[in-house]
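Presented below is the structure to which this report refers.
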Amino acid sequence: MNEEIIKKLCKYCLVEKELSEFYTQMQGGKLIYQTGCRQCRKDKIKSKRLELYEDEGYYYYSQPFKYFSTTQEEDVKEILITLGWIWNEEKELWWKPGIKDINGKWIKQNKQ
Ligand SMILES: [Zn+2]
């Protein structure tokens with residue numbers, strides 16, 4: 001019996017996981033797997049909030065609230081809701097009290 005399950009080592013939690021535990025991305029016309037597993041990606045986004053970050057050429061938020069795939073879209077929505085963002089169905093935008101108003105206008109904050 002050929003029981004070859006391809007696994008990949010997650011760079012962050014250092015656990016070998018099945019490929020389905022990793023997000024894919026298109027790079028140079030090829031579909032490749034990311035270095036971190038899905039769970040680590042989520043944890044990383046949560047811990048870094050919505051900061052733009054770059055990881056080996058991959059941009060999570062190259063443009064705010066635009067998505068690379070539907071899987072990612074679901075995850076991003078989940079994270080945004082966790083962080084207190086509210087979806088404005090009518091205007092199709094995210095807003096958060098104290099950060100962005102319901103019309104999508106950023107509220108100025110004093111930097112300390
Ligand atoms: Zn991991």
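Just so we're on the same page: first chain in the structure tokens is A, next is B, and so on; residues restart at 1 for each chain, and ligands are numbered from 1 in the order they show up.
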
Which chains and residue numbers are within 9 Å of ligand 1, counting only C-alpha atoms and all ligand atoms, if I want them as a VMD selection string?
chain A and resid 9 to 17 21 to 22 35 to 41

Please save C-alpha atoms of the selected residues as a PDB file, in the first residue's frame.
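Saved as part03.pdb:
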```pdb
ATOM      1  CA  LEU A   9       7.403  21.436   8.569  1.00  0.00           C
ATOM      2  CA  CYS A  10       5.890  24.639   9.825  1.00  0.00           C
ATOM      3  CA  LYS A  11       8.548  27.254  10.303  1.00  0.00           C
ATOM      4  CA  TYR A  12       6.817  28.791  13.311  1.00  0.00           C
ATOM      5  CA  CYS A  13       5.521  25.961  15.502  1.00  0.00           C
ATOM      6  CA  LEU A  14       8.049  23.444  14.122  1.00  0.00           C
ATOM      7  CA  VAL A  15       5.370  20.786  13.769  1.00  0.00           C
ATOM      8  CA  GLU A  16       5.118  18.580  10.704  1.00  0.00           C
ATOM      9  CA  LYS A  17       1.647  18.966   9.288  1.00  0.00           C
ATOM     10  CA  GLU A  21      -2.853  22.710   6.981  1.00  0.00           C
ATOM     11  CA  PHE A  22      -1.007  25.271   4.911  1.00  0.00           C
ATOM     12  CA  THR A  35       6.126  28.380   5.276  1.00  0.00           C
ATOM     13  CA  GLY A  36       3.776  28.763   8.228  1.00  0.00           C
ATOM     14  CA  CYS A  37       0.741  26.596   8.934  1.00  0.00           C
ATOM     15  CA  ARG A  38      -2.761  28.033   9.010  1.00  0.00           C
ATOM     16  CA  GLN A  39      -2.917  28.154  12.778  1.00  0.00           C
ATOM     17  CA  CYS A  40       0.367  30.019  13.047  1.00  0.00           C
ATOM     18  CA  ARG A  41      -0.758  32.436  10.381  1.00  0.00           C
TER      19      ARG A  41
END
```

For a test of reading the model, state the distance in Å between atom CA of A:Lys96 and atom CA of A:Gly84, rounded to one decimal.
6.4 Å

Using only C-alpha atoms, pick whichever of A:Gly104, A:Lys91, A:Gln34, A:Tyr23 has the shortest atom-to-atom distance to A:Asp75.
A:Tyr23

Using atom CA of A:Asp101 and atom CA of A:Ile81 as the two end points, give the distance in Å to one decimal.
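Atom-to-atom, atom CA of A:Asp101 to atom CA of A:Ile81, that is 15.4 Å.
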
Which distance in Å separates atom CA of A:Asp43 and atom CA of A:Gly29, to one decimal?
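These atoms are spaced 28.2 Å apart.
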